$ cat model-v3.cif   # mmCIF, C-alpha atoms
data_entry
#
loop_
_atom_site.label_atom_id
_atom_site.label_comp_id
_atom_site.auth_asym_id
_atom_site.auth_seq_id
_atom_site.Cartn_x
_atom_site.Cartn_y
_atom_site.Cartn_z
CA MET A 1 111.33 85.28 138.58
CA ARG A 2 114.57 83.84 139.93
CA ASP A 3 117.77 85.92 139.73
CA ILE A 4 120.27 84.80 137.08
CA LEU A 5 124.01 85.30 137.48
CA ILE A 6 126.03 85.10 134.26
CA ARG A 7 129.46 84.37 135.70
CA ASN A 8 133.11 84.54 134.63
CA ALA A 9 132.66 85.76 131.06
CA ASP A 10 135.93 86.20 129.22
CA VAL A 11 134.66 89.64 128.18
CA VAL A 12 131.46 91.56 128.91
CA VAL A 13 130.86 94.14 126.18
CA THR A 14 128.70 96.69 127.98
CA MET A 15 127.99 99.28 125.23
CA ASP A 16 127.56 101.71 128.13
CA ALA A 17 128.41 105.40 127.89
CA SER A 18 132.13 104.60 128.21
CA ARG A 19 131.92 101.52 125.95
CA ARG A 20 133.59 99.47 128.67
CA GLU A 21 134.73 95.92 128.00
CA LEU A 22 135.16 94.02 131.26
CA ALA A 23 137.41 90.94 131.46
CA GLY A 24 136.43 88.09 133.78
CA ALA A 25 133.16 89.78 134.66
CA ASP A 26 129.64 88.83 135.71
CA VAL A 27 126.15 90.10 134.86
CA LEU A 28 123.26 89.83 137.33
CA LEU A 29 119.70 89.71 135.98
CA ARG A 30 116.87 90.46 138.39
CA GLY A 31 113.19 91.02 137.67
CA GLY A 32 113.69 91.57 133.97
CA VAL A 33 116.44 94.18 134.35
CA ILE A 34 120.20 94.21 134.74
CA ALA A 35 120.95 94.56 138.43
CA ALA A 36 124.75 94.61 138.35
CA VAL A 37 127.72 94.26 136.00
CA GLY A 38 131.29 93.62 137.08
CA PRO A 39 133.71 91.07 138.54
CA GLY A 40 132.92 88.91 141.56
CA ILE A 41 129.21 89.66 141.95
CA ASP A 42 127.75 87.90 145.00
CA ALA A 43 124.18 86.69 144.35
CA PRO A 44 123.04 84.05 146.87
CA GLY A 45 120.24 81.89 145.51
CA ALA A 46 120.68 83.00 141.91
CA GLU A 47 120.72 80.54 139.04
CA VAL A 48 124.32 80.50 137.82
CA VAL A 49 125.12 80.47 134.10
CA GLU A 50 128.81 79.84 133.53
CA ALA A 51 130.25 82.02 130.74
CA ARG A 52 133.92 81.08 130.78
CA GLY A 53 135.15 80.97 127.18
CA CYS A 54 132.37 83.34 126.14
CA VAL A 55 131.80 86.96 125.17
CA VAL A 56 128.66 88.55 126.60
CA THR A 57 126.96 91.37 124.70
CA PRO A 58 123.64 93.16 124.75
CA GLY A 59 121.05 91.37 122.67
CA LEU A 60 121.23 92.47 119.04
CA VAL A 61 118.50 94.74 117.64
CA ASN A 62 116.91 94.24 114.22
CA THR A 63 115.40 97.45 112.86
CA HIS A 64 113.87 96.17 109.61
CA HIS A 65 112.30 92.86 108.62
CA HIS A 66 109.42 91.40 106.62
CA LEU A 67 108.87 88.20 108.56
CA TYR A 68 106.24 86.79 106.22
CA GLN A 69 108.90 86.47 103.53
CA THR A 70 110.54 83.49 105.25
CA LEU A 71 108.03 81.49 103.20
CA THR A 72 109.48 82.77 99.92
CA ARG A 73 113.22 82.34 100.13
CA ALA A 74 115.20 81.75 96.94
CA VAL A 75 112.16 81.99 94.65
CA PRO A 76 113.57 81.29 91.14
CA GLY A 77 111.84 84.19 89.37
CA GLY A 78 113.20 86.72 91.85
CA GLN A 79 116.72 85.46 92.37
CA ASP A 80 118.37 87.73 89.82
CA ALA A 81 115.94 90.67 89.65
CA LEU A 82 116.31 94.29 90.71
CA LEU A 83 113.88 95.67 93.31
CA PHE A 84 110.87 96.51 91.14
CA GLY A 85 111.09 93.31 89.06
CA TRP A 86 111.63 91.28 92.22
CA LEU A 87 108.44 92.73 93.71
CA LYS A 88 106.41 91.97 90.60
CA THR A 89 107.56 88.35 90.77
CA LEU A 90 106.62 87.91 94.42
CA TYR A 91 103.42 89.91 94.81
CA PRO A 92 101.22 87.19 93.21
CA ILE A 93 102.67 84.59 95.59
CA TRP A 94 102.15 86.74 98.66
CA ALA A 95 98.55 87.36 97.59
CA ARG A 96 97.88 83.70 98.43
CA PHE A 97 98.94 84.06 102.08
CA GLY A 98 96.53 84.06 105.00
CA PRO A 99 96.65 84.09 108.83
CA GLU A 100 98.41 80.72 109.12
CA GLU A 101 101.17 81.73 106.71
CA MET A 102 101.72 84.99 108.59
CA PHE A 103 101.85 83.26 111.98
CA VAL A 104 104.17 80.40 111.07
CA SER A 105 106.53 82.51 108.95
CA ALA A 106 106.86 84.98 111.84
CA GLN A 107 107.68 82.17 114.26
CA VAL A 108 110.38 80.83 111.94
CA GLY A 109 111.82 84.27 111.19
CA LEU A 110 111.97 85.31 114.83
CA ALA A 111 113.49 82.00 115.90
CA GLU A 112 116.16 82.47 113.25
CA MET A 113 116.82 85.94 114.64
CA ALA A 114 117.00 84.65 118.23
CA LEU A 115 119.53 81.98 117.32
CA THR A 116 121.78 84.68 115.86
CA GLY A 117 121.68 86.85 118.98
CA CYS A 118 118.70 89.13 118.36
CA SER A 119 116.53 90.03 121.37
CA LEU A 120 114.48 92.87 119.81
CA SER A 121 113.09 92.86 116.28
CA SER A 122 110.87 95.18 114.34
CA ASP A 123 108.67 93.90 111.52
CA HIS A 124 107.17 95.73 108.54
CA LEU A 125 103.95 93.98 107.50
CA TYR A 126 102.35 95.90 104.64
CA LEU A 127 100.00 93.34 103.06
CA TYR A 128 96.99 91.61 104.60
CA PRO A 129 95.53 89.08 102.17
CA ASN A 130 92.77 86.59 102.95
CA GLY A 131 92.01 87.76 106.47
CA ALA A 132 95.58 88.18 107.72
CA ARG A 133 96.03 90.72 110.53
CA LEU A 134 98.93 92.30 112.37
CA GLU A 135 98.14 90.26 115.47
CA ASP A 136 99.09 87.08 113.60
CA THR A 137 102.71 88.21 113.96
CA ILE A 138 102.27 89.61 117.47
CA GLU A 139 100.96 86.26 118.68
CA ALA A 140 103.89 84.50 116.98
CA ALA A 141 106.39 86.77 118.70
CA ALA A 142 104.82 85.99 122.08
CA THR A 143 105.43 82.27 121.54
CA VAL A 144 109.08 82.84 120.60
CA GLY A 145 109.73 85.29 123.44
CA LEU A 146 111.42 88.15 121.59
CA ARG A 147 110.80 91.82 122.25
CA PHE A 148 108.76 92.93 119.24
CA HIS A 149 108.07 96.13 117.31
CA PRO A 150 105.47 95.25 114.64
CA THR A 151 104.46 98.02 112.27
CA ARG A 152 101.09 98.31 110.58
CA GLY A 153 102.13 98.77 106.98
CA ALA A 154 99.90 99.38 103.97
CA MET A 155 99.68 99.64 100.20
CA SER A 156 96.91 101.63 98.52
CA ILE A 157 98.04 102.34 94.93
CA SER A 158 97.54 99.28 92.75
CA GLU A 159 99.05 98.34 89.43
CA SER A 160 95.91 99.55 87.62
CA GLU A 161 96.45 102.97 89.20
CA GLY A 162 100.11 103.25 88.25
CA GLY A 163 101.60 101.49 91.27
CA LEU A 164 103.44 98.19 91.60
CA PRO A 165 101.22 95.88 93.71
CA PRO A 166 98.32 93.97 92.17
CA ASP A 167 94.81 95.15 92.95
CA SER A 168 94.27 92.20 95.31
CA LEU A 169 96.97 93.42 97.72
CA VAL A 170 95.93 97.05 98.18
CA GLU A 171 93.46 98.46 100.70
CA ARG A 172 91.21 101.48 100.88
CA GLU A 173 92.99 104.28 102.70
CA ALA A 174 90.10 104.92 105.08
CA ALA A 175 90.19 101.25 106.10
CA ILE A 176 93.97 101.41 106.54
CA LEU A 177 93.76 104.34 108.93
CA GLU A 178 90.91 102.71 110.83
CA ASP A 179 92.94 99.52 111.34
CA MET A 180 96.02 101.52 112.33
CA ILE A 181 93.99 103.04 115.15
CA ARG A 182 92.69 99.59 116.13
CA VAL A 183 96.09 97.89 116.40
CA VAL A 184 97.74 100.77 118.25
CA ASP A 185 94.90 100.91 120.78
CA ALA A 186 94.90 97.14 121.20
CA PHE A 187 98.61 96.27 121.29
CA HIS A 188 100.95 99.25 121.72
CA ASP A 189 102.67 99.46 125.11
CA PRO A 190 104.56 102.73 125.71
CA ALA A 191 105.90 101.64 129.11
CA GLU A 192 109.55 101.02 129.85
CA GLY A 193 110.33 97.36 129.35
CA ALA A 194 107.47 96.91 126.89
CA MET A 195 107.50 93.63 124.99
CA VAL A 196 105.32 95.02 122.17
CA ARG A 197 105.31 98.46 120.61
CA VAL A 198 103.37 99.18 117.44
CA GLY A 199 104.44 101.58 114.68
CA LEU A 200 102.73 102.90 111.54
CA ALA A 201 104.41 102.07 108.26
CA PRO A 202 102.95 102.78 104.81
CA CYS A 203 105.05 100.57 102.57
CA SER A 204 106.80 103.15 100.41
CA PRO A 205 106.23 106.45 98.59
CA PHE A 206 105.45 104.51 95.40
CA SER A 207 102.75 102.27 96.91
CA VAL A 208 100.62 104.74 98.87
CA SER A 209 99.29 108.23 98.21
CA ARG A 210 100.67 111.51 99.46
CA ASP A 211 97.51 111.86 101.56
CA LEU A 212 98.04 108.54 103.32
CA MET A 213 101.68 109.38 104.10
CA ARG A 214 100.60 112.67 105.63
CA ASP A 215 97.62 111.20 107.50
CA ALA A 216 99.71 108.38 108.91
CA ALA A 217 102.24 110.89 110.23
CA LEU A 218 99.50 112.93 111.89
CA LEU A 219 97.97 109.80 113.41
CA ALA A 220 101.31 108.55 114.71
CA ARG A 221 102.00 111.84 116.47
CA ASP A 222 98.49 111.82 117.94
CA LYS A 223 98.98 108.27 119.25
CA GLY A 224 102.62 108.71 120.30
CA VAL A 225 103.96 105.90 118.12
CA MET A 226 106.81 105.71 115.62
CA LEU A 227 106.76 105.91 111.82
CA HIS A 228 108.58 103.67 109.36
CA THR A 229 108.83 103.20 105.59
CA HIS A 230 111.25 102.35 102.77
CA LEU A 231 113.18 105.27 101.35
CA ALA A 232 115.83 105.91 98.68
CA GLU A 233 116.53 102.20 98.27
CA ASN A 234 117.97 102.24 94.75
CA ASP A 235 118.30 104.28 91.55
CA GLU A 236 114.78 103.33 90.45
CA ASP A 237 113.47 104.72 93.71
CA ILE A 238 115.20 108.07 93.14
CA ALA A 239 114.03 108.28 89.53
CA TYR A 240 110.42 107.57 90.56
CA SER A 241 110.53 110.27 93.25
CA LEU A 242 111.92 112.88 90.88
CA ALA A 243 109.46 112.01 88.12
CA LYS A 244 106.38 111.67 90.32
CA PHE A 245 106.97 114.24 93.05
CA GLY A 246 109.58 116.57 91.58
CA VAL A 247 111.88 116.17 94.59
CA ARG A 248 114.33 113.65 96.02
CA PRO A 249 113.01 111.16 98.60
CA GLY A 250 114.43 113.02 101.60
CA GLN A 251 112.66 116.24 100.66
CA TYR A 252 109.44 114.32 99.97
CA ALA A 253 109.67 112.76 103.44
CA GLU A 254 110.24 116.11 105.12
CA ASP A 255 107.38 117.77 103.24
CA LEU A 256 104.95 115.15 104.57
CA GLY A 257 106.14 115.13 108.19
CA TRP A 258 108.28 112.04 107.83
CA THR A 259 111.41 113.27 109.58
CA GLY A 260 112.17 113.43 113.29
CA PRO A 261 113.34 111.20 116.17
CA ASP A 262 110.07 109.24 115.95
CA VAL A 263 110.79 108.22 112.32
CA TRP A 264 113.15 105.64 110.88
CA HIS A 265 113.58 104.80 107.20
CA ALA A 266 114.77 101.51 105.75
CA HIS A 267 117.72 101.30 103.33
CA CYS A 268 118.54 104.94 102.43
CA VAL A 269 121.16 103.62 100.01
CA LYS A 270 120.92 106.66 97.75
CA LEU A 271 120.74 109.52 100.26
CA ASP A 272 122.83 112.48 99.15
CA ALA A 273 124.77 114.87 101.38
CA GLY A 274 121.82 117.21 101.80
CA GLU A 275 119.51 114.40 102.86
CA ILE A 276 122.07 113.07 105.31
CA ASP A 277 122.30 116.54 106.84
CA LEU A 278 118.48 116.68 107.03
CA PHE A 279 118.35 113.37 108.85
CA ALA A 280 121.09 114.45 111.25
CA ARG A 281 119.39 117.78 112.06
CA SER A 282 115.97 116.20 112.52
CA GLY A 283 117.08 113.10 114.44
CA THR A 284 115.65 110.76 111.79
CA GLY A 285 116.89 107.16 112.02
CA VAL A 286 118.04 104.70 109.36
CA ALA A 287 117.73 100.90 109.16
CA HIS A 288 120.78 99.75 107.19
CA CYS A 289 120.22 96.42 105.40
CA PRO A 290 123.57 95.54 103.84
CA CYS A 291 122.90 91.94 102.70
CA SER A 292 119.59 92.82 101.06
CA ASN A 293 121.18 95.83 99.37
CA CYS A 294 123.81 93.50 97.92
CA ARG A 295 121.32 90.79 96.96
CA LEU A 296 119.13 93.24 95.00
CA GLY A 297 122.07 95.16 93.57
CA SER A 298 120.82 98.37 95.19
CA GLY A 299 124.23 99.73 96.13
CA ILE A 300 126.23 100.63 99.24
CA ALA A 301 124.50 102.89 101.74
CA PRO A 302 126.64 105.86 102.88
CA VAL A 303 126.77 104.62 106.46
CA ARG A 304 130.18 106.14 107.19
CA ALA A 305 128.91 109.57 106.14
CA MET A 306 125.72 109.06 108.14
CA ARG A 307 127.58 108.07 111.28
CA ASP A 308 130.04 110.93 110.92
CA ALA A 309 127.08 113.32 110.66
CA ARG A 310 125.55 111.72 113.79
CA VAL A 311 122.59 110.11 112.05
CA SER A 312 121.20 107.26 114.16
CA VAL A 313 121.86 104.00 112.28
CA GLY A 314 120.77 100.47 113.15
CA LEU A 315 120.95 97.19 111.26
CA GLY A 316 118.15 95.29 109.54
CA VAL A 317 118.10 91.89 107.90
CA ASP A 318 115.21 92.95 105.61
CA GLY A 319 112.85 90.30 104.28
CA SER A 320 113.96 86.73 103.76
CA ALA A 321 112.93 86.92 100.11
CA SER A 322 115.63 89.52 99.46
CA ASN A 323 118.40 88.50 101.84
CA ASP A 324 117.67 85.45 101.97
CA ALA A 325 118.84 84.87 105.54
CA GLY A 326 118.00 86.35 108.93
CA ASN A 327 121.41 86.49 110.63
CA LEU A 328 121.93 89.81 112.36
CA ILE A 329 125.53 89.21 113.43
CA GLY A 330 126.16 88.40 109.76
CA GLU A 331 124.67 91.78 108.85
CA ALA A 332 127.18 93.47 111.16
CA ARG A 333 130.04 91.80 109.29
CA GLN A 334 128.54 92.73 105.92
CA ALA A 335 128.07 96.34 107.02
CA LEU A 336 131.75 96.54 107.94
CA LEU A 337 132.86 94.95 104.68
CA LEU A 338 130.74 97.22 102.48
CA GLN A 339 132.00 100.40 104.12
CA ARG A 340 135.56 99.18 103.63
CA VAL A 341 134.90 98.43 99.96
CA ALA A 342 133.54 101.95 99.53
CA ARG A 343 135.85 103.92 101.80
CA GLY A 344 138.95 101.85 102.65
CA ALA A 345 140.02 99.32 105.27
CA ASP A 346 139.82 101.83 108.10
CA ALA A 347 136.26 102.94 107.28
CA MET A 348 134.60 100.86 110.00
CA SER A 349 135.92 98.77 112.87
CA ALA A 350 134.44 95.54 114.17
CA ARG A 351 133.49 97.28 117.41
CA GLU A 352 131.64 100.03 115.59
CA ALA A 353 129.71 97.42 113.60
CA LEU A 354 128.80 95.65 116.85
CA GLU A 355 127.70 98.98 118.35
CA ILE A 356 125.40 99.61 115.37
CA ALA A 357 123.94 96.10 115.84
CA THR A 358 123.13 96.70 119.52
CA LEU A 359 123.00 100.21 120.92
CA GLY A 360 122.52 101.78 117.49
CA GLY A 361 119.44 99.72 116.75
CA ALA A 362 117.93 100.41 120.16
CA GLN A 363 118.39 104.15 119.62
CA VAL A 364 116.77 104.00 116.17
CA LEU A 365 113.71 102.25 117.65
CA GLY A 366 113.46 104.69 120.54
CA ARG A 367 114.34 101.98 123.08
CA HIS A 368 116.54 103.82 125.53
CA ASP A 369 115.89 101.00 128.00
CA CYS A 370 117.68 98.49 125.74
CA GLY A 371 120.93 98.14 123.81
CA SER A 372 123.52 98.16 126.61
CA LEU A 373 124.52 96.14 129.66
CA SER A 374 124.31 98.52 132.58
CA PRO A 375 122.24 98.54 135.76
CA GLY A 376 118.63 99.48 135.14
CA LYS A 377 118.58 98.47 131.48
CA ARG A 378 116.39 95.59 130.37
CA ALA A 379 117.87 92.13 130.79
CA ASP A 380 118.38 91.36 127.08
CA VAL A 381 121.68 89.49 126.94
CA ALA A 382 123.49 87.36 124.37
CA ILE A 383 126.21 84.88 125.33
CA TRP A 384 128.60 83.89 122.53
CA ASP A 385 130.89 80.86 122.90
CA VAL A 386 134.21 81.89 121.34
CA SER A 387 136.00 78.66 122.24
CA GLY A 388 134.85 76.81 119.12
CA VAL A 389 136.24 76.34 115.65
CA GLU A 390 134.91 79.61 114.17
CA ALA A 391 136.96 81.81 116.49
CA ALA A 392 139.86 79.42 117.01
CA GLY A 393 143.14 81.31 116.81
CA SER A 394 141.58 84.75 117.20
CA TRP A 395 143.53 87.23 119.32
CA ASP A 396 140.64 89.59 119.99
CA PRO A 397 137.41 87.81 121.00
CA VAL A 398 135.23 90.94 120.68
CA ALA A 399 136.36 91.68 117.14
CA ALA A 400 136.07 87.97 116.37
CA LEU A 401 132.29 88.12 116.87
CA VAL A 402 132.04 90.29 113.75
CA LEU A 403 135.08 89.19 111.78
CA CYS A 404 134.91 85.42 112.08
CA GLY A 405 132.20 84.11 114.39
CA PRO A 406 130.51 82.26 115.97
CA GLY A 407 127.42 82.94 113.91
CA ARG A 408 125.00 81.67 116.55
CA VAL A 409 124.57 82.42 120.24
CA ARG A 410 125.04 79.87 122.97
CA ASP A 411 122.41 81.52 125.19
CA LEU A 412 119.96 84.39 124.80
CA PHE A 413 117.94 86.11 127.52
CA VAL A 414 115.08 88.52 126.82
CA GLU A 415 113.58 90.42 129.75
CA GLY A 416 115.58 88.03 131.92
CA ARG A 417 113.92 84.94 130.45
CA ARG A 418 115.92 82.31 128.59
CA VAL A 419 114.97 82.03 124.91
CA VAL A 420 118.03 80.12 123.65
CA ALA A 421 120.02 77.64 125.75
CA GLU A 422 123.14 75.85 124.55
CA GLY A 423 122.35 76.91 120.98
CA GLN A 424 118.77 75.59 120.97
CA MET A 425 115.40 77.32 121.17
CA VAL A 426 113.68 76.62 124.49
CA THR A 427 110.47 78.59 124.02
CA ILE A 428 109.12 76.77 120.96
CA GLU A 429 109.47 73.34 119.37
CA LEU A 430 111.41 74.58 116.37
CA PRO A 431 111.70 71.35 114.31
CA ARG A 432 107.91 70.97 114.32
CA ILE A 433 107.43 74.61 113.26
CA VAL A 434 110.02 74.29 110.48
CA GLU A 435 108.21 71.20 109.21
CA ARG A 436 104.96 73.17 109.18
CA GLN A 437 106.65 76.04 107.36
CA ASN A 438 108.05 73.74 104.69
CA ALA A 439 104.62 72.20 104.14
CA LEU A 440 103.15 75.68 103.59
CA ALA A 441 105.95 76.52 101.15
CA ARG A 442 105.29 73.35 99.17
CA LYS A 443 101.59 74.23 99.00
CA LEU A 444 102.45 77.71 97.65
CA ARG A 445 104.72 76.20 94.97
CA ASP A 446 102.06 73.74 93.77
#

$ encode --input "model-v3.cif" --output "structure tokens"
Amino acid sequence: MRDILIRNADVVVTMDASRRELAGADVLLRGGVIAAVGPGIDAPGAEVVEARGCVVTPGLVNTHHHLYQTLTRAVPGGQDALLFGWLKTLYPIWARFGPEEMFVSAQVGLAEMALTGCSLSSDHLYLYPNGARLEDTIEAAATVGLRFHPTRGAMSISESEGGLPPDSLVEREAAILEDMIRVVDAFHDPAEGAMVRVGLAPCSPFSVSRDLMRDAALLARDKGVMLHTHLAENDEDIAYSLAKFGVRPGQYAEDLGWTGPDVWHAHCVKLDAGEIDLFARSGTGVAHCPCSNCRLGSGIAPVRAMRDARVSVGLGVDGSASNDAGNLIGEARQALLLQRVARGADAMSAREALEIATLGGAQVLGRHDCGSLSPGKRADVAIWDVSGVEAAGSWDPVAALVLCGPGRVRDLFVEGRRVVAEGQMVTIELPRIVERQNALARKLRD
């Protein structure tokens, strides 16, 4: 692999231990890692990428997604529904998916993420209709070129048993555990620089049994992989936990082994002070999904309180049926705005929001080799052109990334390989894939 020298950036935002921002600086990529950062780097023979007029940041990190949902954006019956009603509208549609739908929707969703600066994305796939498998998404991610953390999700309590999903979308718990073992053994890579790491992710406390939650936690620890689920997303979620389990969601999670640095929970909109303290003490991470929380009317997650308590927080776009977009830099802006609505204009700065979108997400996913631009870290780099109309007139180009734009990257490198160049995907033929996606969506509507 040829060395790449990103040269003469207006600002390099390192997100290193000192949070340095280097003016007029270069970044050297060599063998999939960052070899050097600073001004005037000499790299004979390297491919030169000019970055004058640009801000260079670590690639953004998405800690929560449901990629298959890119096929069900703006579905009329779910546009104005709260979480549980929204799910009931969409479950019958998702039950018609199969391997092709999973593959193409993952390609589209990950391309959308790449174009908005994301180099590492997790995915929570918790339904497997008509022969769909986790590897449908893993294969899609390989074509796009993003670093990928798929999670083997599951639902086991059907509507006829008091749950939300229809009978056709649930699985036997023994079969779930067996397939969890299969996908971890087949695809998980624990090595530094891994392009694929697999997690275990029962969908939520209201769609699987207590036994499966506990067994999944035991299996994850045995296999050395991470755990993920939805938790405390809205008032309905809290009411269900109190009525069904007699405790709040945080206590339920702790009782079943679902706290610790190898666990991250999505949403956590309704965590109280005691649960925030629990997460801080145990090292449990949170995927904050501000746009989805707004779209479903779930509320404003107490991110300021979490960060002040030293809870690890990353950003997630959530599924494209509840967002309905996949723009991670847009999520950073929304996170900032929501905390200011809740706590005042000084509640969160643009730089803190950018930190959550990069280093914060990497920490939540246990990727200490990613999330910052410093020698030895993986070569996941986003280049943002701030000379265009979106940032025109801005006095602070770093803050401008969050406050005004641009909303798309000029270039994106993952493991030192170019995924986006001059604002266009280079790894896949995106127009053809979008056409295929739209044809599948039309078929689902008919």

$ resolve_selection --input "model-v3.cif" --expression "the PyMOL selection byres ((chain A and resi 138) around 12)" --output "PyMOL selection string"
chain A and resi 67+99+102-107+110+121-125+132-137+139-152+183+186-188+195-198

$ atom_distance --input "model-v3.cif" --atom1 "atom CA of Glu352 of chain A" --atom2 "atom CA of Arg310 of chain A"
13.3 Å

$ residues_around --input "model-v3.cif" --residues "Val303 of chain A" --least-positions-apart "4" --cutoff "9 Å" --atoms "all atoms listed in the file" --output "list of chain:residue names"
A:Val269, A:His288, A:Arg307, A:Asp308, A:Val311, A:Val313, A:Ala335, A:Gln339

$ write_last_selection --input "model-v3.cif" --atoms "C-alpha atoms" --output "tab-separated table (two decimals), in the frame of the given file"
chain	number	residue	atom	x	y	z
A	269	VAL	CA	121.16	103.62	100.01
A	288	HIS	CA	120.78	99.75	107.19
A	307	ARG	CA	127.58	108.07	111.28
A	308	ASP	CA	130.04	110.93	110.92
A	311	VAL	CA	122.59	110.11	112.05
A	313	VAL	CA	121.86	104.00	112.28
A	335	ALA	CA	128.07	96.34	107.02
A	339	GLN	CA	132.00	100.40	104.12

$ resolve_selection --input "model-v3.cif" --expression "the PyMOL selection byres ((chain A and resi 227) around 10)" --output "JSON, numbers by chain"
{"A": [151, 152, 153, 198, 199, 200, 201, 202, 213, 216, 217, 219, 220, 221, 224, 225, 226, 228, 229, 257, 258, 259, 260, 261, 262, 263, 264, 265, 365]}

$ residues_around --input "model-v3.cif" --residues "Asp167 of chain A" --least-positions-apart "5" --cutoff "10 Å" --atoms "only C-alpha atoms" --output "JSON list (two decimals) with C-alpha atoms, in the coordinates of the input"
[["chain", "number", "residue", "atom", "x", "y", "z"],
["A", 95, "ALA", "CA", 98.55, 87.36, 97.59],
["A", 155, "MET", "CA", 99.68, 99.64, 100.20],
["A", 156, "SER", "CA", 96.91, 101.63, 98.52],
["A", 157, "ILE", "CA", 98.04, 102.34, 94.93],
["A", 158, "SER", "CA", 97.54, 99.28, 92.75],
["A", 159, "GLU", "CA", 99.05, 98.34, 89.43],
["A", 160, "SER", "CA", 95.91, 99.55, 87.62],
["A", 161, "GLU", "CA", 96.45, 102.97, 89.20]]

$ resolve_selection --input "model-v3.cif" --expression "the PyMOL selection byres ((chain A and resi 43-60) around 7)" --output "PyMOL selection string"
chain A and resi 2-14+41-42+61-62+117-120+357-358+371-373+380-387+398

$ write_last_selection --input "model-v3.cif" --atoms "C-alpha atoms" --output "PDB file, in the frame of the given file"
ATOM      1  CA  ARG A   2     114.570  83.840 139.930  1.00  0.00           C
ATOM      2  CA  ASP A   3     117.770  85.920 139.730  1.00  0.00           C
ATOM      3  CA  ILE A   4     120.270  84.800 137.080  1.00  0.00           C
ATOM      4  CA  LEU A   5     124.010  85.300 137.480  1.00  0.00           C
ATOM      5  CA  ILE A   6     126.030  85.100 134.260  1.00  0.00           C
ATOM      6  CA  ARG A   7     129.460  84.370 135.700  1.00  0.00           C
ATOM      7  CA  ASN A   8     133.110  84.540 134.630  1.00  0.00           C
ATOM      8  CA  ALA A   9     132.660  85.760 131.060  1.00  0.00           C
ATOM      9  CA  ASP A  10     135.930  86.200 129.220  1.00  0.00           C
ATOM     10  CA  VAL A  11     134.660  89.640 128.180  1.00  0.00           C
ATOM     11  CA  VAL A  12     131.460  91.560 128.910  1.00  0.00           C
ATOM     12  CA  VAL A  13     130.860  94.140 126.180  1.00  0.00           C
ATOM     13  CA  THR A  14     128.700  96.690 127.980  1.00  0.00           C
ATOM     14  CA  ILE A  41     129.210  89.660 141.950  1.00  0.00           C
ATOM     15  CA  ASP A  42     127.750  87.900 145.000  1.00  0.00           C
ATOM     16  CA  VAL A  61     118.500  94.740 117.640  1.00  0.00           C
ATOM     17  CA  ASN A  62     116.910  94.240 114.220  1.00  0.00           C
ATOM     18  CA  GLY A 117     121.680  86.850 118.980  1.00  0.00           C
ATOM     19  CA  CYS A 118     118.700  89.130 118.360  1.00  0.00           C
ATOM     20  CA  SER A 119     116.530  90.030 121.370  1.00  0.00           C
ATOM     21  CA  LEU A 120     114.480  92.870 119.810  1.00  0.00           C
ATOM     22  CA  ALA A 357     123.940  96.100 115.840  1.00  0.00           C
ATOM     23  CA  THR A 358     123.130  96.700 119.520  1.00  0.00           C
ATOM     24  CA  GLY A 371     120.930  98.140 123.810  1.00  0.00           C
ATOM     25  CA  SER A 372     123.520  98.160 126.610  1.00  0.00           C
ATOM     26  CA  LEU A 373     124.520  96.140 129.660  1.00  0.00           C
ATOM     27  CA  ASP A 380     118.380  91.360 127.080  1.00  0.00           C
ATOM     28  CA  VAL A 381     121.680  89.490 126.940  1.00  0.00           C
ATOM     29  CA  ALA A 382     123.490  87.360 124.370  1.00  0.00           C
ATOM     30  CA  ILE A 383     126.210  84.880 125.330  1.00  0.00           C
ATOM     31  CA  TRP A 384     128.600  83.890 122.530  1.00  0.00           C
ATOM     32  CA  ASP A 385     130.890  80.860 122.900  1.00  0.00           C
ATOM     33  CA  VAL A 386     134.210  81.890 121.340  1.00  0.00           C
ATOM     34  CA  SER A 387     136.000  78.660 122.240  1.00  0.00           C
ATOM     35  CA  VAL A 398     135.230  90.940 120.680  1.00  0.00           C
TER      36      VAL A 398
END

$ closest_residue --input "model-v3.cif" --among "A:Asn327, A:Ala35, A:Met15, A:Arg418" --to "Ala362 of chain A" --atoms "only C-alpha atoms"
A:Met15

$ residues_near_point --input "model-v3.cif" --point "(114.7, 96.3, 138.7)" --cutoff "10 Å" --atoms "all atoms listed in the file" --output "count of residues only"
12
